[in-house]
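Working notes, structure below.
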Amino acid sequence: MRRLARAGGPALLWRAVLAAALLCLIGLLPWLSRTDPALTVLKARSAERTPSPDALAAVRAQLGLEQGPLHLLGQWTGGLLRGDAGQSWISGEAVLPSVVQSLGVSLLLMTVALVVAVLTAGAVCARTLWLGSRRRLSGRRRRGSGTAVLAALPEFLTASVLATVIGVHLGWLPALGWYGPQWMVLPAVSLGLPAGALLGRLLDDLLPGAFAEPWARAASARGIPAGRIARQALRRCVPALLPNLGLFLVGLTGGAVAVEQIFDIPGLGRTTLQAAVAQDLPVLQAGTLALVLLAAAAGGLFRLAARLTSGPALRDGALPTLHSPAPPAPSRLPLLYGALLLGVILIGLAHDPLALDTAARLQAPSWAHPFGTDALGRDVLARVGHGALHTLALALGISAFALLAGVLLGLLPRFSGPLLDTLNAVPPTLAGLLVAGVAGSGAATPAIAVATVAWVPLAAHTAALLLQERATLHLTATRSLGAGRRHQLRHHLLPAILPPVTRHALLRLPSVALALAALGFLGLGAQPPSPEWGLLLAENQPYAERAPWALLAPAAALALLGALAVTAAGGVWTPRRLRRGRRHEGAPDVTDVRPVERELITAGTVAR
């Protein structure tokens, strides 16, 4: 117990410091943004009321704004210690009951969305489980296009389509409100499908390494049923994903703002965002504190679950590595997706994205306008092509930074663990408002805000893989032979960690572009008539029923980008690779020979 206290004491103190700093930053938000909080609160209370000096003075006196932000923060903290989170500056109601109620709604929605995500992840990796448990994975290419398309679909686009088609046209399920189990289905599917596709792709990336371990080969040789082998392979891979699953839960709870708005759900994400826009500091601070506490609890529980599910082998350094030395087979699909995306961009660049034609509003696709026109008669193909330059360049730059920062900070789990839990509790929209308050609103604001939180899942993935790889048999043997930390990091840890984390970063590339777009829609970045892809989605969303092509075109471009990124991570086919593969066709395959021959080949490889 003393050892646990010594180990957890600094981390707990570091976590408390980060949470306090975040709450202080939120408390200073109106003053950092150089806006008058009294004017913002008055407009939020009644948009039609004239902001006269007397009315503003009355609001300042009522809220105590003249005493300064530090006094307000200290007063709110003192009340919180007594169980009182204050009163809303907008409605005047008690903050704590409303935040607890919103948190309960979000947790219930998150639970149902998690079920959908688990089912989706199971469907994604079902093929690999079936083939791997029957020793048929050797030489087969991994499929990731469909997964990438699902992961790249924006939640608000999925929610809009489900609400319009299933809720309005077909009438199978209710589309608005929060009154019972039936109202949970559509929003849970909207949130669970992309999250499940991403989790399933990460799990599918680890399963071949588990099936290549000696225990799987021995179990197959002894005739153990394939179902039992598949279950053990899942148990072997899940600990490396549990920390990321905790991040998903917190992200689904606080970051489902768009889905909650579309389906009119009174969740915590929507409540926090509305409080941030209206500068309702008591509600914003209480909601953020609830998310921080949830992130800390979920992160700690899932990290503990990862250690427990790994068993004594994690403590004794007896785990086999999940890193497969054989790279995945290259594919021609990246060439196809890249050619399609490049063709769309080049054709779109040949047209004017700002040309207005009010007589051709919301026209269906034709030879003159292959992707149709939007509400102002502008060519959608031209806007998609011109918007690709800005969107792709910014998303690629942020993804590269997130990969570098995630790997570096993930290699320092004791320092980065509390930091990533705290930042994961901040939705990107709230991060954008905080960055805008500190640095001002401009073209760089959304990039800074998204980059601030984009490295968090990559760092969690790196830390989880690092924990597993440090406990492997070959690394234990390497340490016993006198290898230093630099040698272990360069020759063993980084080669095992970088490939899956890089593929994870590529899979998140479309979500980075969407996060940038969401901040632009809130007025924190690119503004109309900019043809940025996210703005195209936001502008055309109200016309999804009348002109679905205007919404589907940028969504299809994002999905194509996701498919290109994921398939390219597995290797791109070239004639040179084909000749190299033919030259090595005679190499022995350890998984397809008899047990005695396999022992000889393995022993010879180790000796070499």
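In the structure tokens, chains take letters A, B, ... by order of appearance, with residues numbered from 1 within each chain and ligands from 1 in the order shown.
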Exercise for review: List the neighbours of Leu409 in chain A out to 10 Å using only C-alpha atoms; skip same-chain residues closer than 2 positions along the sequence, and give me the result as a list in words.
Suggested key: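 Once the nearby chain positions are removed, what remains is Leu403, Leu404, Ala405, Gly406, Val407, Leu411, Leu412, Pro413, Arg414, Phe415, Ser416, Gly417, Leu419, Leu420, Trp455, Val456, Leu458, Ala459, Ala460, Thr462 and Ala463 of chain A.
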Check your understanding: So which residues touch Leu516 in chain A within 12 Å, counting only C-alpha atoms, skipping near sequence neighbours fewer than 6 positions away, as a count of residues only?
Key -> 38
Check your understanding: CA of Val512 in chain A to CA of Pro334 in chain A: how many Å, to one decimal?
Key -> 20.0 Å
Practice item. Rank nothing, just name the residue among A:Leu56, A:Val168, A:Ala382, A:Leu107 nearest to Leu268 in chain A, using only C-alpha atoms. Key: A:Leu107
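Comparing the minimum interatomic distances between Leu198 in chain A and each of A:Ala305, A:Leu466, A:Leu489, A:Val566, counting only C-alpha atoms, we find that A:Val566 sits nearest.
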Point to revise | Separation of CA of Gly300 in chain A from CA of Gly27 in chain A, in Å and rounded to one decimal | key: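 Taking CA of Gly300 in chain A as the start and CA of Gly27 in chain A as the end point, the length is 26.9 Å.
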Check your understanding: With only C-alpha atoms as the basis for distance, which of A:Glu213, A:Glu48, A:Glu155, A:Glu93 is at the shortest distance from Leu473 in chain A?
Key ->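 Closest to Leu473 in chain A, using only C-alpha atoms: A:Glu213.
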**Study point:** Which of A:Ile265, A:Ala276, A:Ala121, A:Leu289 sits closest to Ala436 in chain A [using only C-alpha atoms]
**Key:** A:Ala276
Exercise for review: Using only C-alpha atoms, find the one residue out of A:Leu465, A:Ala117, A:Ala364, A:Leu281 that sits nearest to Pro30 in chain A.
Suggested key: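 Among the listed residues, the smallest separation from Pro30 in chain A belongs to A:Leu281.
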**Study point:** Shell of 10 Å around Ile345 in chain A, only C-alpha atoms, local chain residues under 4 positions omitted, as JSON, numbers by chain
**Key:** {"A": [339, 340, 341, 349, 350, 381, 382, 383, 384, 385, 386, 387, 388, 389, 557]}
Exercise for review: Within range 224-385 of chain A, find each residue whose DSSP state, derived from the backbone, is alpha helix (DSSP H), and express the selection as a PyMOL selection string.
Suggested key: chain A and resi 226-237+242-254+257-262+268-278+281-310+312-316+333-349+380-385
**Study point:** Contacts of range 94-97 of chain A within 7 Å, only C-alpha atoms, excl. fewer than 6 positions in-chain, as a list in words
**Key:** Asp84, Ala85, Gly86, Gln87, Ser88, Pro282 and Val283 of chain A
Could you save those same residues with N, CA and C atoms as a tab-separated table (two decimals), in the first residue's frame?
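selection14.tsv, freshly written:
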chain	number	residue	atom	x	y	z
A	84	ASP	N	-22.04	23.09	-3.52
A	84	ASP	CA	-22.85	24.07	-4.25
A	84	ASP	C	-22.02	24.59	-5.41
A	85	ALA	N	-22.45	24.29	-6.65
A	85	ALA	CA	-21.74	24.74	-7.85
A	85	ALA	C	-22.26	26.08	-8.35
A	86	GLY	N	-23.05	26.76	-7.56
A	86	GLY	CA	-23.53	28.09	-7.95
A	86	GLY	C	-24.81	28.02	-8.75
A	87	GLN	N	-25.17	29.17	-9.30
A	87	GLN	CA	-26.38	29.31	-10.10
A	87	GLN	C	-26.01	29.75	-11.52
A	88	SER	N	-26.83	29.32	-12.45
A	88	SER	CA	-26.58	29.67	-13.85
A	88	SER	C	-26.74	31.17	-14.05
A	282	PRO	N	-20.47	29.40	-14.40
A	282	PRO	CA	-20.75	28.33	-13.43
A	282	PRO	C	-21.13	27.00	-14.11
A	283	VAL	N	-21.97	27.05	-15.13
A	283	VAL	CA	-22.35	25.82	-15.83
A	283	VAL	C	-21.15	25.25	-16.59
